[in-house]
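**Q** Just start_26.txt, nothing more (compact mmCIF, C-alpha atoms):
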# COMPACT_ATOMS: atom_id res chain seq x y z
CA MET D 1 -46.84 -68.63 50.59
CA THR D 2 -46.37 -72.31 49.60
CA LYS D 3 -43.15 -74.17 50.26
CA GLU D 4 -42.49 -74.40 46.51
CA LYS D 5 -42.87 -70.63 46.08
CA GLU D 6 -40.64 -70.00 49.07
CA GLU D 7 -37.90 -72.12 47.51
CA HIS D 8 -38.04 -70.21 44.23
CA ARG D 9 -38.45 -66.73 45.70
CA GLU D 10 -35.24 -64.79 45.16
CA ASP D 11 -33.53 -63.41 48.23
CA PRO D 12 -32.97 -59.71 47.47
CA MET D 13 -29.62 -59.88 49.22
CA GLN D 14 -28.34 -62.61 46.86
CA ILE D 15 -27.10 -60.36 44.11
CA ASP D 16 -26.09 -60.82 40.50
CA SER D 17 -24.46 -57.43 39.86
CA ASN D 18 -24.57 -57.96 36.08
CA ARG D 19 -28.31 -58.54 36.02
CA VAL D 20 -30.85 -55.77 35.44
CA PRO D 21 -33.64 -56.40 37.96
CA THR D 22 -37.26 -56.39 36.83
CA GLY D 23 -40.68 -56.93 38.38
CA SER D 24 -40.74 -57.96 42.03
CA LEU D 25 -36.97 -58.27 42.12
CA LEU D 26 -36.65 -54.61 41.09
CA THR D 27 -39.06 -53.68 43.89
CA ASP D 28 -36.90 -55.62 46.35
CA TYR D 29 -33.78 -53.84 45.14
CA LEU D 30 -35.48 -50.45 45.27
CA ARG D 31 -36.66 -51.10 48.81
CA ILE D 32 -33.05 -51.62 49.86
CA TYR D 33 -31.80 -48.69 47.80
CA TYR D 34 -34.37 -46.23 49.16
CA GLY D 35 -33.82 -47.59 52.65
CA LYS D 36 -30.06 -47.24 52.73
CA PHE D 37 -28.69 -45.13 49.87
CA PHE D 38 -31.02 -42.41 48.58
CA PRO D 39 -29.80 -38.97 49.84
CA TYR D 40 -33.07 -37.61 51.25
CA THR D 41 -31.51 -34.83 53.32
CA ASP D 42 -29.41 -33.57 50.42
CA MET D 43 -32.41 -33.58 48.09
CA PHE D 44 -34.46 -31.64 50.62
CA LYS D 45 -31.70 -29.05 51.13
CA TRP D 46 -31.45 -28.58 47.38
CA LEU D 47 -35.15 -28.20 46.63
CA ALA D 48 -35.86 -26.08 49.73
CA TYR D 49 -33.30 -23.48 48.58
CA GLY D 50 -32.59 -22.32 52.12
CA ASN D 51 -36.27 -22.32 53.15
CA ASP D 52 -35.62 -24.76 55.97
CA GLY D 53 -37.35 -22.80 58.75
CA LYS D 54 -34.12 -22.29 60.65
CA HIS D 55 -33.58 -18.59 60.12
CA PRO D 56 -35.57 -15.38 59.48
CA GLY D 57 -36.86 -14.80 55.99
CA CYS D 58 -37.68 -18.44 55.26
CA ASP D 59 -40.87 -19.43 53.50
CA SER D 60 -41.96 -22.47 55.51
CA SER D 61 -44.46 -23.49 52.81
CA TYR D 62 -41.93 -23.43 49.94
CA PHE D 63 -40.88 -27.09 49.84
CA GLY D 64 -44.47 -28.22 50.44
CA ARG D 65 -45.59 -26.47 47.25
CA ARG D 66 -43.22 -28.48 45.05
CA GLU D 67 -44.69 -31.20 42.84
CA PHE D 68 -43.20 -34.69 42.83
CA SER D 69 -44.38 -37.48 40.58
CA PHE D 70 -43.94 -41.22 41.22
CA THR D 71 -44.02 -44.03 38.68
CA ILE D 72 -45.05 -47.29 40.29
CA LYS D 73 -44.42 -50.34 38.12
CA SER D 74 -45.59 -53.89 38.70
CA ASP D 75 -45.53 -57.06 36.59
CA ARG D 76 -48.91 -56.12 35.12
CA ASP D 77 -49.12 -52.36 34.80
CA GLU D 78 -47.62 -48.96 35.51
CA VAL D 79 -49.20 -46.23 37.62
CA TYR D 80 -48.31 -42.53 37.58
CA LEU D 81 -48.89 -40.57 40.77
CA ARG D 82 -48.66 -36.86 40.00
CA PHE D 83 -48.95 -33.89 42.35
CA GLN D 84 -47.30 -35.58 45.31
CA SER D 85 -46.06 -33.09 47.91
CA PHE D 86 -44.25 -33.21 51.24
CA PHE D 87 -43.86 -30.81 54.12
CA ASN D 88 -40.29 -31.82 54.94
CA ALA D 89 -37.51 -34.34 54.26
CA SER D 90 -38.96 -36.85 56.70
CA GLU D 91 -42.34 -36.90 54.96
CA MET D 92 -40.66 -37.32 51.58
CA GLU D 93 -38.51 -40.18 52.88
CA THR D 94 -41.47 -41.99 54.43
CA SER D 95 -43.51 -41.78 51.22
CA ILE D 96 -40.69 -42.91 48.92
CA LYS D 97 -39.83 -45.85 51.15
CA ALA D 98 -43.47 -46.90 51.31
CA LYS D 99 -44.19 -46.62 47.56
CA CYS D 100 -40.78 -47.70 46.17
CA PRO D 101 -41.27 -45.78 42.87
CA THR D 102 -39.38 -47.00 39.83
CA LYS D 103 -39.03 -43.35 38.85
CA ILE D 104 -39.21 -40.04 40.69
CA ASP D 105 -39.88 -36.89 38.68
CA ILE D 106 -39.59 -33.33 39.96
CA GLY D 107 -41.96 -30.59 38.85
CA ALA D 108 -42.54 -26.93 39.60
CA VAL D 109 -43.24 -24.99 42.79
CA TYR D 110 -46.90 -23.93 42.70
CA THR D 111 -48.96 -21.17 44.29
CA VAL D 112 -50.44 -23.74 46.71
CA ASP D 113 -49.77 -27.29 47.87
CA PRO D 114 -50.20 -29.47 44.72
CA ALA D 115 -51.95 -32.18 46.75
CA LYS D 116 -54.68 -29.65 47.63
CA ARG D 117 -54.95 -28.13 44.14
CA HIS D 118 -58.65 -29.02 43.71
CA ALA D 119 -59.59 -26.82 46.64
CA TYR D 120 -57.95 -23.86 44.91
CA ALA D 121 -59.11 -24.56 41.36
CA GLN D 122 -61.13 -21.36 41.10
CA SER D 123 -58.73 -19.04 42.92
CA GLY D 124 -55.75 -20.22 40.91
CA PHE D 125 -53.31 -23.12 40.88
CA ASN D 126 -50.26 -22.13 38.82
CA PRO D 127 -46.52 -22.84 38.68
CA ILE D 128 -44.52 -19.87 40.01
CA GLU D 129 -40.99 -21.29 40.16
CA ARG D 130 -39.10 -23.90 38.20
CA GLU D 131 -35.46 -24.59 37.53
CA LEU D 132 -34.38 -23.85 33.97
CA VAL D 133 -33.91 -27.38 32.62
CA PHE D 134 -32.45 -29.03 29.55
CA ASP D 135 -33.00 -32.59 28.36
CA ILE D 136 -30.66 -34.16 25.80
CA ASP D 137 -31.09 -37.73 24.51
CA ILE D 138 -28.50 -39.48 22.40
CA SER D 139 -31.27 -41.22 20.43
CA ASP D 140 -31.93 -37.84 18.78
CA TYR D 141 -28.58 -38.27 17.02
CA ASP D 142 -29.43 -41.60 15.41
CA ASP D 143 -29.09 -40.17 11.91
CA VAL D 144 -25.39 -39.35 12.50
CA ARG D 145 -24.15 -42.22 14.71
CA TYR D 146 -23.50 -45.70 13.38
CA CYS D 147 -22.24 -47.61 16.42
CA CYS D 148 -25.59 -47.62 18.27
CA SER D 149 -29.21 -46.62 17.88
CA GLY D 150 -32.24 -45.95 20.04
CA ALA D 151 -31.54 -46.09 23.75
CA ASP D 152 -28.22 -47.93 23.29
CA THR D 153 -24.97 -46.06 23.92
CA CYS D 154 -21.26 -46.85 23.93
CA LEU D 155 -18.00 -45.02 24.45
CA ASN D 156 -17.80 -44.24 20.72
CA CYS D 157 -21.01 -42.18 20.64
CA TRP D 158 -21.13 -40.86 24.22
CA PRO D 159 -18.80 -37.93 23.29
CA LEU D 160 -21.91 -36.32 21.76
CA MET D 161 -23.19 -35.87 25.32
CA THR D 162 -19.81 -34.55 26.42
CA ILE D 163 -19.98 -31.93 23.66
CA ALA D 164 -23.49 -30.94 24.74
CA ILE D 165 -22.38 -30.45 28.34
CA LYS D 166 -19.37 -28.35 27.35
CA VAL D 167 -21.26 -26.12 24.91
CA ILE D 168 -24.36 -25.51 27.03
CA ASP D 169 -22.57 -25.19 30.37
CA THR D 170 -20.14 -22.60 29.00
CA ALA D 171 -22.94 -20.54 27.48
CA LEU D 172 -25.08 -20.66 30.62
CA ARG D 173 -22.20 -19.38 32.71
CA GLU D 174 -20.53 -16.93 30.33
CA ASP D 175 -23.47 -15.63 28.29
CA PHE D 176 -26.24 -15.71 30.89
CA GLY D 177 -24.27 -15.39 34.12
CA PHE D 178 -25.69 -18.45 35.87
CA SER D 179 -23.59 -20.17 38.54
CA HIS D 180 -25.49 -23.03 40.15
CA ILE D 181 -25.78 -25.65 37.43
CA LEU D 182 -26.31 -29.37 37.99
CA TRP D 183 -25.63 -31.94 35.26
CA VAL D 184 -27.05 -35.42 35.77
CA TYR D 185 -26.71 -38.68 33.84
CA SER D 186 -30.21 -39.85 32.90
CA GLY D 187 -29.35 -43.48 33.63
CA ARG D 188 -29.31 -44.68 30.05
CA ARG D 189 -29.21 -42.49 26.96
CA GLY D 190 -28.68 -38.87 27.88
CA VAL D 191 -28.10 -36.04 30.29
CA HIS D 192 -30.23 -33.53 32.18
CA CYS D 193 -29.26 -30.01 33.17
CA TRP D 194 -30.76 -28.09 36.11
CA VAL D 195 -30.02 -24.36 36.33
CA CYS D 196 -30.83 -23.46 39.93
CA ASP D 197 -29.94 -19.79 40.40
CA SER D 198 -32.89 -17.86 41.86
CA ARG D 199 -32.95 -15.72 38.72
CA ALA D 200 -33.27 -18.86 36.58
CA ARG D 201 -36.01 -20.39 38.75
CA ARG D 202 -38.17 -17.27 38.41
CA LEU D 203 -37.94 -16.91 34.65
CA SER D 204 -41.24 -16.49 32.84
CA LYS D 205 -42.31 -18.89 30.11
CA GLU D 206 -41.44 -16.24 27.51
CA GLN D 207 -37.95 -15.80 28.94
CA ARG D 208 -37.40 -19.57 29.00
CA SER D 209 -38.50 -19.74 25.37
CA ALA D 210 -36.01 -17.02 24.46
CA ILE D 211 -33.18 -18.96 26.10
CA ALA D 212 -34.26 -22.18 24.39
CA ASP D 213 -34.29 -20.39 21.04
CA TYR D 214 -30.80 -19.02 21.76
CA PHE D 215 -29.50 -22.60 21.79
CA HIS D 216 -31.71 -23.88 19.01
CA VAL D 217 -29.64 -24.36 15.86
CA TYR D 218 -30.58 -27.82 14.72
CA LYS D 219 -33.89 -27.39 12.88
CA GLY D 220 -36.14 -29.20 10.44
CA GLY D 221 -38.27 -32.32 10.58
CA GLU D 222 -37.30 -35.96 10.14
CA ASN D 223 -37.58 -35.69 6.37
CA SER D 224 -35.55 -32.49 6.16
CA LEU D 225 -32.09 -33.36 4.85
CA LYS D 226 -30.27 -30.15 5.75
CA LYS D 227 -31.03 -28.99 9.28
CA VAL D 228 -28.28 -26.40 9.83
CA THR D 229 -27.85 -23.36 7.56
CA PHE D 230 -25.65 -20.34 8.18
CA SER D 231 -26.20 -17.33 5.95
CA GLY D 232 -23.64 -14.97 7.49
CA PRO D 233 -20.93 -14.74 10.15
CA LEU D 234 -21.42 -17.07 13.10
CA HIS D 235 -22.92 -15.62 16.26
CA PRO D 236 -20.12 -15.25 18.88
CA PHE D 237 -21.68 -18.05 20.94
CA LEU D 238 -21.69 -20.41 17.95
CA ALA D 239 -18.19 -19.36 16.93
CA ARG D 240 -16.93 -20.17 20.43
CA ALA D 241 -18.73 -23.51 20.44
CA TYR D 242 -17.21 -24.37 17.06
CA THR D 243 -13.68 -23.39 18.03
CA ASP D 244 -13.64 -24.72 21.60
CA ALA D 245 -15.57 -27.95 21.20
CA LEU D 246 -17.22 -28.95 17.93
CA LYS D 247 -14.31 -28.64 15.50
CA ASN D 248 -11.89 -30.94 17.31
CA GLU D 249 -14.58 -33.39 18.39
CA PHE D 250 -15.82 -33.76 14.83
CA GLU D 251 -12.32 -34.75 13.72
CA LYS D 252 -12.51 -37.60 16.25
CA TRP D 253 -16.08 -38.37 15.16
CA VAL D 254 -14.90 -38.85 11.59
CA SER D 255 -12.59 -41.60 12.84
CA THR D 256 -14.78 -43.36 15.42
CA GLN D 257 -17.85 -43.44 13.17
CA LYS D 258 -15.85 -44.10 9.98
CA LEU D 259 -17.79 -41.36 8.21
CA PHE D 260 -15.67 -41.37 5.07
CA GLU D 261 -14.96 -45.10 4.87
CA HIS D 262 -18.42 -46.14 3.73
CA GLU D 263 -20.11 -44.73 0.64
CA GLU D 264 -23.53 -44.47 2.28
CA ARG D 265 -22.07 -42.38 5.09
CA PHE D 266 -19.98 -39.95 3.09
CA HIS D 267 -22.77 -39.63 0.51
CA LYS D 268 -24.95 -38.22 3.32
CA ILE D 269 -22.28 -35.57 3.94
CA LEU D 270 -22.10 -34.71 0.26
CA GLN D 271 -25.84 -34.09 0.29
CA LEU D 272 -25.22 -31.17 2.67
CA ILE D 273 -23.31 -29.33 -0.06
CA PRO D 274 -25.80 -27.29 -2.16
CA ASP D 275 -23.69 -27.14 -5.35
CA GLU D 276 -24.15 -30.24 -7.52
CA SER D 277 -21.06 -29.59 -9.62
CA VAL D 278 -18.87 -29.49 -6.51
CA VAL D 279 -20.51 -32.67 -5.20
CA SER D 280 -19.87 -34.45 -8.51
CA GLU D 281 -16.24 -33.37 -8.56
CA LEU D 282 -15.69 -34.53 -4.99
CA ALA D 283 -17.43 -37.87 -5.57
CA GLU D 284 -15.25 -38.50 -8.63
CA LYS D 285 -12.00 -37.64 -6.87
CA TRP D 286 -12.92 -39.76 -3.85
CA GLN D 287 -12.87 -42.98 -5.82
CA GLY D 288 -9.97 -44.88 -4.24
CA ASN D 289 -9.02 -41.84 -2.13
CA SER D 290 -8.65 -42.39 1.64
CA VAL D 291 -8.24 -38.73 2.70
CA ARG D 292 -11.72 -37.59 1.75
CA TRP D 293 -12.42 -35.29 4.71
CA GLU D 294 -9.14 -33.43 4.27
CA HIS D 295 -9.82 -33.12 0.57
CA LEU D 296 -13.35 -31.79 1.19
CA LYS D 297 -12.08 -29.15 3.63
CA HIS D 298 -9.33 -28.06 1.26
CA MET D 299 -11.71 -27.71 -1.67
CA LEU D 300 -14.47 -25.80 0.17
CA GLN D 301 -12.03 -23.47 1.90
CA SER D 302 -9.75 -22.86 -1.07
CA GLY D 303 -11.33 -19.54 -1.95
CA SER D 304 -11.78 -20.49 -5.60
CA LYS D 305 -14.56 -18.84 -7.54
CA LYS D 306 -16.35 -22.16 -7.79
CA THR D 307 -16.67 -22.56 -4.02
CA GLN D 308 -17.03 -18.87 -3.11
CA GLY D 309 -20.46 -19.32 -1.54
CA LEU D 310 -19.69 -22.62 0.14
CA ARG D 311 -17.27 -21.62 2.86
CA ARG D 312 -19.91 -22.07 5.55
CA CYS D 313 -20.49 -25.67 4.46
CA ILE D 314 -17.71 -26.98 6.70
CA GLU D 315 -19.27 -25.35 9.76
CA GLU D 316 -22.72 -26.54 8.70
CA ILE D 317 -21.49 -30.13 8.38
CA VAL D 318 -19.75 -30.03 11.77
CA PHE D 319 -22.79 -28.49 13.49
CA SER D 320 -25.14 -30.97 11.81
CA TYR D 321 -23.25 -33.88 13.32
CA THR D 322 -22.10 -32.62 16.72
CA TYR D 323 -24.06 -29.59 17.97
CA PRO D 324 -26.38 -30.27 20.96
CA ARG D 325 -29.87 -31.40 19.99
CA LEU D 326 -32.22 -30.17 22.68
CA ASP D 327 -35.79 -31.06 23.47
CA ILE D 328 -36.65 -27.36 23.56
CA GLN D 329 -40.21 -27.93 24.78
CA VAL D 330 -38.75 -29.22 28.06
CA THR D 331 -36.81 -25.98 28.47
CA LYS D 332 -39.67 -23.68 27.51
CA GLY D 333 -42.31 -25.03 29.90
CA MET D 334 -42.57 -24.47 33.65
CA ASN D 335 -44.67 -27.53 34.46
CA HIS D 336 -42.61 -30.15 32.65
CA LEU D 337 -41.47 -33.03 34.86
CA LEU D 338 -37.84 -34.15 34.89
CA LYS D 339 -36.32 -37.24 36.48
CA ALA D 340 -34.76 -36.65 39.90
CA PRO D 341 -31.04 -37.15 40.46
CA PHE D 342 -30.08 -40.39 42.23
CA CYS D 343 -33.04 -42.30 40.79
CA VAL D 344 -32.50 -45.87 39.60
CA HIS D 345 -33.14 -46.26 35.89
CA PRO D 346 -35.48 -49.26 35.64
CA GLY D 347 -34.15 -50.27 32.22
CA THR D 348 -30.46 -50.39 33.14
CA GLY D 349 -30.36 -50.44 36.93
CA ARG D 350 -27.91 -47.54 36.80
CA ILE D 351 -28.07 -44.65 39.24
CA CYS D 352 -28.73 -41.18 37.81
CA ILE D 353 -25.55 -39.63 39.18
CA PRO D 354 -24.23 -36.06 38.82
CA ILE D 355 -21.60 -35.25 36.20
CA ASP D 356 -18.83 -32.73 36.84
CA PRO D 357 -18.92 -30.39 33.80
CA LYS D 358 -15.26 -29.54 34.38
CA LYS D 359 -14.35 -33.21 33.92
CA CYS D 360 -17.20 -34.36 31.71
CA GLU D 361 -14.83 -35.91 29.17
CA GLU D 362 -13.81 -38.38 31.91
CA PHE D 363 -17.39 -39.56 32.51
CA ASP D 364 -17.96 -43.18 31.50
CA PRO D 365 -21.64 -44.23 31.38
CA THR D 366 -20.66 -47.90 31.32
CA SER D 367 -18.99 -47.64 34.75
CA VAL D 368 -21.90 -45.90 36.54
CA PRO D 369 -22.91 -47.74 39.73
CA THR D 370 -25.96 -49.99 39.44
CA VAL D 371 -28.43 -50.76 42.20
CA ALA D 372 -27.34 -54.41 42.17
CA GLN D 373 -23.70 -53.38 42.47
CA LEU D 374 -24.45 -51.15 45.46
CA ILE D 375 -26.28 -53.93 47.27
CA GLU D 376 -23.43 -56.31 46.53
CA GLU D 377 -21.01 -53.77 48.00
CA LEU D 378 -23.30 -53.40 50.99
CA ASN D 379 -23.17 -57.16 51.56
CA ALA D 380 -19.38 -57.08 51.38
CA ASN D 381 -19.34 -54.42 54.12
CA ALA D 382 -22.11 -55.89 56.27
CA SER D 383 -20.43 -54.79 59.50
CA ILE D 384 -20.49 -51.04 58.78
CA GLY D 385 -22.68 -48.70 60.81
CA ALA D 386 -26.08 -47.49 59.66
CA ASP D 387 -24.74 -43.98 59.01
CA ASN D 388 -22.00 -45.17 56.65
CA TYR D 389 -23.82 -47.14 53.96
CA VAL D 390 -23.05 -44.74 51.12
CA GLU D 391 -19.46 -44.04 52.15
CA LYS D 392 -18.49 -47.69 51.73
CA THR D 393 -19.87 -48.00 48.19
CA SER D 394 -19.16 -46.72 44.70
CA LEU D 395 -21.96 -44.16 45.14
CA ALA D 396 -19.86 -42.18 47.63
CA ALA D 397 -17.96 -40.17 45.03
CA SER D 398 -21.18 -39.06 43.33
CA VAL D 399 -22.81 -37.93 46.58
CA HIS D 400 -19.62 -36.09 47.52
CA LEU D 401 -19.59 -34.34 44.11
CA PHE D 402 -23.24 -33.33 44.53
CA ARG D 403 -22.61 -31.88 47.98
CA THR D 404 -19.30 -30.10 47.51
CA CYS D 405 -19.48 -28.83 43.94
CA PHE D 406 -23.18 -28.04 43.73
CA LEU D 407 -25.21 -28.14 46.94
CA GLU D 408 -22.95 -26.30 49.40
CA PRO D 409 -22.25 -23.28 47.14
CA LEU D 410 -25.95 -23.15 46.22
CA ILE D 411 -27.19 -23.18 49.82
CA LYS D 412 -24.71 -20.48 50.82
CA THR D 413 -25.98 -18.23 48.04
CA CYS D 414 -29.63 -18.97 48.89
CA LYS D 415 -29.19 -18.16 52.58
CA ASP D 416 -27.34 -14.94 51.74
CA GLU D 417 -30.18 -13.92 49.42
CA LEU D 418 -32.85 -14.74 52.00
CA GLU D 419 -30.98 -12.85 54.72
CA ASN D 420 -30.47 -9.81 52.49
CA ALA D 421 -34.15 -9.81 51.49
CA TYR D 422 -35.20 -10.09 55.13
CA ASN D 423 -32.88 -7.28 56.23
CA THR D 424 -34.13 -5.06 53.41
CA MET D 425 -37.74 -5.73 54.39
CA MET D 426 -37.00 -4.96 58.06
CA GLN D 427 -35.25 -1.73 57.14
CA GLN D 428 -38.17 -0.67 54.95
CA THR D 429 -40.56 -1.42 57.80
CA LYS D 430 -38.42 0.59 60.19
CA ASP D 431 -38.23 3.50 57.75
CA SER D 432 -42.01 3.52 57.26
CA LEU D 433 -42.55 3.61 61.03
CA ASN D 434 -40.08 6.47 61.44
CA TRP D 435 -41.88 8.39 58.70
Can you give me the file's structure in the form of structure tokens?
**A**
Amino acid sequence: MTKEKEEHREDPMQIDSNRVPTGSLLTDYLRIYYGKFFPYTDMFKWLAYGNDGKHPGCDSSYFGRREFSFTIKSDRDEVYLRFQSFFNASEMETSIKAKCPTKIDIGAVYTVDPAKRHAYAQSGFNPIERELVFDIDISDYDDVRYCCSGADTCLNCWPLMTIAIKVIDTALREDFGFSHILWVYSGRRGVHCWVCDSRARRLSKEQRSAIADYFHVYKGGENSLKKVTFSGPLHPFLARAYTDALKNEFEKWVSTQKLFEHEERFHKILQLIPDESVVSELAEKWQGNSVRWEHLKHMLQSGSKKTQGLRRCIEEIVFSYTYPRLDIQVTKGMNHLLKAPFCVHPGTGRICIPIDPKKCEEFDPTSVPTVAQLIEELNANASIGADNYVEKTSLAASVHLFRTCFLEPLIKTCKDELENAYNTMMQQTKDSLNW
């Protein structure tokens, strides 16, 4: 390296915490992050589901049959490395540190080691386990939010993600009986949900499709004006979602997005009302009127003969603007890849941290730790021991949440299930011998 290049080469430990790193600087940051912060042991414990080889009933090949995918980005191009697999946490750590991927995706557990799939092409290489996952992007709401668009988010539109977490998490627990659910910030514009109960991981593609359809209310293509239509009483799940989350949040949405203060915006709402005479009457009365939403609700819910068939319009409007918009293909498939928790988002530098669904309304995407911030905090605590890097940074709370609220209860359940299955098998073997 020439003297001139040495003088202009950025020292990765000289940090601008407000800067989003790119190119070689991002690689330098990732090398530090993967070397000192990424929770390898916790990730292994999660994805091994008790199959750690430490007690009877474990499947020692389980973790090694899981697919990982790495995205390696340079100044010139981007390379995708699919079907990566690791025997244990140490192997995974060594590979990640060596490759410094800008993105880590997690796939399914297959019948055989994904890295050796070509040797088993004829005998069968198929996914046999996969968490039930949900992917929600705020960019899918661009037709109803006016503060941001695309991948941009702010505190005015983020409540859409809060609503999605509340509605889906409640249904997964109360309607489907799942317990081990992990919500993760995607690092920029959305949230991911991992349902990790053994029953969820072993769902067939048809069963996953049925669950996806259960949540699927928002329908129609880009050119379809009305995407939510209710012909009868609301399903109990939808009624609960409306009462517990959507109704009150929409009232706030009216204010933050100024839905009835701009003609273009409230005209879009009027288009959701199928009766032209009612629309004309409302439009006329709204001239110079500042309480348009209250007036609309009063008119459609008055019970008059004119609006007899329009009572569901209020619910349809609220659902159209606030109900979760899922990428249902992600939920239906078993071999779809999803970004791993604790990745660094290359576009924002933010860490993909867990979200507590019980406190999701407190989550602030603008205050999520960035990789630059963590390194800056590391520099400020340069004297700490090698085992305490995370504890002295703003990532500590997120790792603690992951461990205590998700990982520990999950592992206890997994080990109980493995032990019970092993004891049952031993008893059956004993009974067959006695026979």
**Q** Ranking D:Lys392, D:Arg31, D:His118, D:Arg66 by minimum distance to Met92 (chain D) and counting all atoms listed in the file, which one comes first?
**A** D:Arg66
**Q** Just the number, please: distance in Å from CA of Ala108 (chain D) to CA of Arg130 (chain D), one decimal.
**A**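 Computing the Euclidean distance for CA of Ala108 (chain D) and CA of Arg130 (chain D) yields 4.8 Å.
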**Q** Place a sphere of radius 12 Å on (-29.3, -19.5, 22.8) in the file coordinates and name every protein, DNA or RNA residue with an atom inside or on its surface, counting all atoms listed in the file; give the answer as a VMD selection string.
**A** chain D and resid 167 to 172 174 to 176 207 to 218 235 to 238 241 324 326 328 331
**Q** If you keep C-alpha atoms, can you produce a file of those selected residues as a tab-separated table (two decimals), keeping the file's coordinate frame?
**A**
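The resulting file, again.tsv, is reproduced below:
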chain	number	residue	atom	x	y	z
D	167	VAL	CA	-21.26	-26.12	24.91
D	168	ILE	CA	-24.36	-25.51	27.03
D	169	ASP	CA	-22.57	-25.19	30.37
D	170	THR	CA	-20.14	-22.60	29.00
D	171	ALA	CA	-22.94	-20.54	27.48
D	172	LEU	CA	-25.08	-20.66	30.62
D	174	GLU	CA	-20.53	-16.93	30.33
D	175	ASP	CA	-23.47	-15.63	28.29
D	176	PHE	CA	-26.24	-15.71	30.89
D	207	GLN	CA	-37.95	-15.80	28.94
D	208	ARG	CA	-37.40	-19.57	29.00
D	209	SER	CA	-38.50	-19.74	25.37
D	210	ALA	CA	-36.01	-17.02	24.46
D	211	ILE	CA	-33.18	-18.96	26.10
D	212	ALA	CA	-34.26	-22.18	24.39
D	213	ASP	CA	-34.29	-20.39	21.04
D	214	TYR	CA	-30.80	-19.02	21.76
D	215	PHE	CA	-29.50	-22.60	21.79
D	216	HIS	CA	-31.71	-23.88	19.01
D	217	VAL	CA	-29.64	-24.36	15.86
D	218	TYR	CA	-30.58	-27.82	14.72
D	235	HIS	CA	-22.92	-15.62	16.26
D	236	PRO	CA	-20.12	-15.25	18.88
D	237	PHE	CA	-21.68	-18.05	20.94
D	238	LEU	CA	-21.69	-20.41	17.95
D	241	ALA	CA	-18.73	-23.51	20.44
D	324	PRO	CA	-26.38	-30.27	20.96
D	326	LEU	CA	-32.22	-30.17	22.68
D	328	ILE	CA	-36.65	-27.36	23.56
D	331	THR	CA	-36.81	-25.98	28.47
**Q** Applying 9 Å and all atoms listed in the file, which residues near Ser320 (chain D) remain after dropping the ones on its own chain fewer than 5 positions away? List them as a list in words.
**A** Val144, Val217, Tyr218, Lys226, Lys227, Val228 and Glu315 of chain D
**Q** Include C-alpha atoms and write out the residues we just selected as a JSON list (two decimals), in the frame of the given file.
**A**
[["chain", "number", "residue", "atom", "x", "y", "z"],
["D", 144, "VAL", "CA", -25.39, -39.35, 12.50],
["D", 217, "VAL", "CA", -29.64, -24.36, 15.86],
["D", 218, "TYR", "CA", -30.58, -27.82, 14.72],
["D", 226, "LYS", "CA", -30.27, -30.15, 5.75],
["D", 227, "LYS", "CA", -31.03, -28.99, 9.28],
["D", 228, "VAL", "CA", -28.28, -26.40, 9.83],
["D", 315, "GLU", "CA", -19.27, -25.35, 9.76]]
**Q** Figure out the distance between CA of Leu407 (chain D) and CA of Ser394 (chain D), please, to one decimal in Å.
**A**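 Distance reported for this atom pair: 19.7 Å.
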**Q** Please provide as a list of chain:residue names all residues within 12 Å of Ser123 (chain D), with the sequence filter that same-chain residues fewer than 5 positions apart are discarded (counting all atoms listed in the file).
**A**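 Answer for this query is D:Thr111, D:Val112, D:Arg117, D:His118.
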**Q** Please determine, counting only C-alpha atoms, which residue among D:His180, D:Lys297, D:Arg188, D:Lys166 has the shortest atom-to-atom distance to Cys154 (chain D).
**A** D:Arg188
**Q** Quick one: residues within 7 Å of region 343-353 of chain D, only C-alpha atoms counted, chain neighbours fewer than 6 positions away excluded, as a list in words?
**A**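 Neighbouring residues, sequence-local ones excluded: Val20, Pro21, Thr102, Lys103, Ile104, Val184, Tyr185, Ser186, Gly187, Arg188, Val368, Pro369, Thr370, Val371 and Ser398 of chain D.
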**Q** One decimal, in Å: what's the spacing between CA of Lys54 (chain D) and CA of Lys415 (chain D)?
**A**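 Spanning CA of Lys54 (chain D) to CA of Lys415 (chain D) is a straight-line distance of 10.3 Å.
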**Q** Go through D:Asp327, D:Asp143, D:Glu129, D:Glu417 and flag the residue nearest Ser204 (chain D), using only C-alpha atoms for the distances.
**A** D:Glu129
**Q** Which is closer to Glu361 (chain D) than all the others in D:Thr404, D:Thr256, D:Thr162, D:Gln287, using only C-alpha atoms?
**A**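 Under the stated criterion, the closest residue is D:Thr162.
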**Q** Show me the residues close to (-31.9, -25.7, 33.8) - anything with an atom within 9 Å, counting all atoms listed in the file - and format the list as a list in words.
**A**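 All residues meeting the 9 Å criterion around (-31.9, -25.7, 33.8) are Arg130, Glu131, Leu132, Val133, Phe134, Asp135, Ile181, Leu182, Trp183, His192, Cys193, Trp194, Val195, Cys196, Ala200, Arg201 and Thr331 of chain D.
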**Q** Go through D:Arg82, D:Arg265, D:Lys73, D:Arg173 and flag the residue nearest Pro357 (chain D), using all atoms listed in the file for the distances.
**A**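 Using all atoms listed in the file, the shortest distance to Pro357 (chain D) belongs to D:Arg173.
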**Q** For each of D:Glu91, D:Tyr62, D:Leu25, D:Val254, take the minimum atom-to-atom distance to Ser74 (chain D), counting only C-alpha atoms, then give the residue where this is smallest.
**A**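 Among the listed residues, the smallest separation from Ser74 (chain D) belongs to D:Leu25.
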**Q** Quick one: residues within 8 Å of Leu401 (chain D), only C-alpha atoms, excluding same-chain residues fewer than 4 positions away - as a short mmCIF file (atom, residue, chain, number, x, y, z; two decimals) with C-alpha atoms, in the coordinates of the input?
**A**
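That gives us out26.cif:
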data_model
loop_
_atom_site.label_atom_id
_atom_site.label_comp_id
_atom_site.auth_asym_id
_atom_site.auth_seq_id
_atom_site.Cartn_x
_atom_site.Cartn_y
_atom_site.Cartn_z
CA PRO D 354 -24.23 -36.06 38.82
CA ASP D 356 -18.83 -32.73 36.84
CA ALA D 397 -17.96 -40.17 45.03
CA CYS D 405 -19.48 -28.83 43.94
CA PHE D 406 -23.18 -28.04 43.73
#
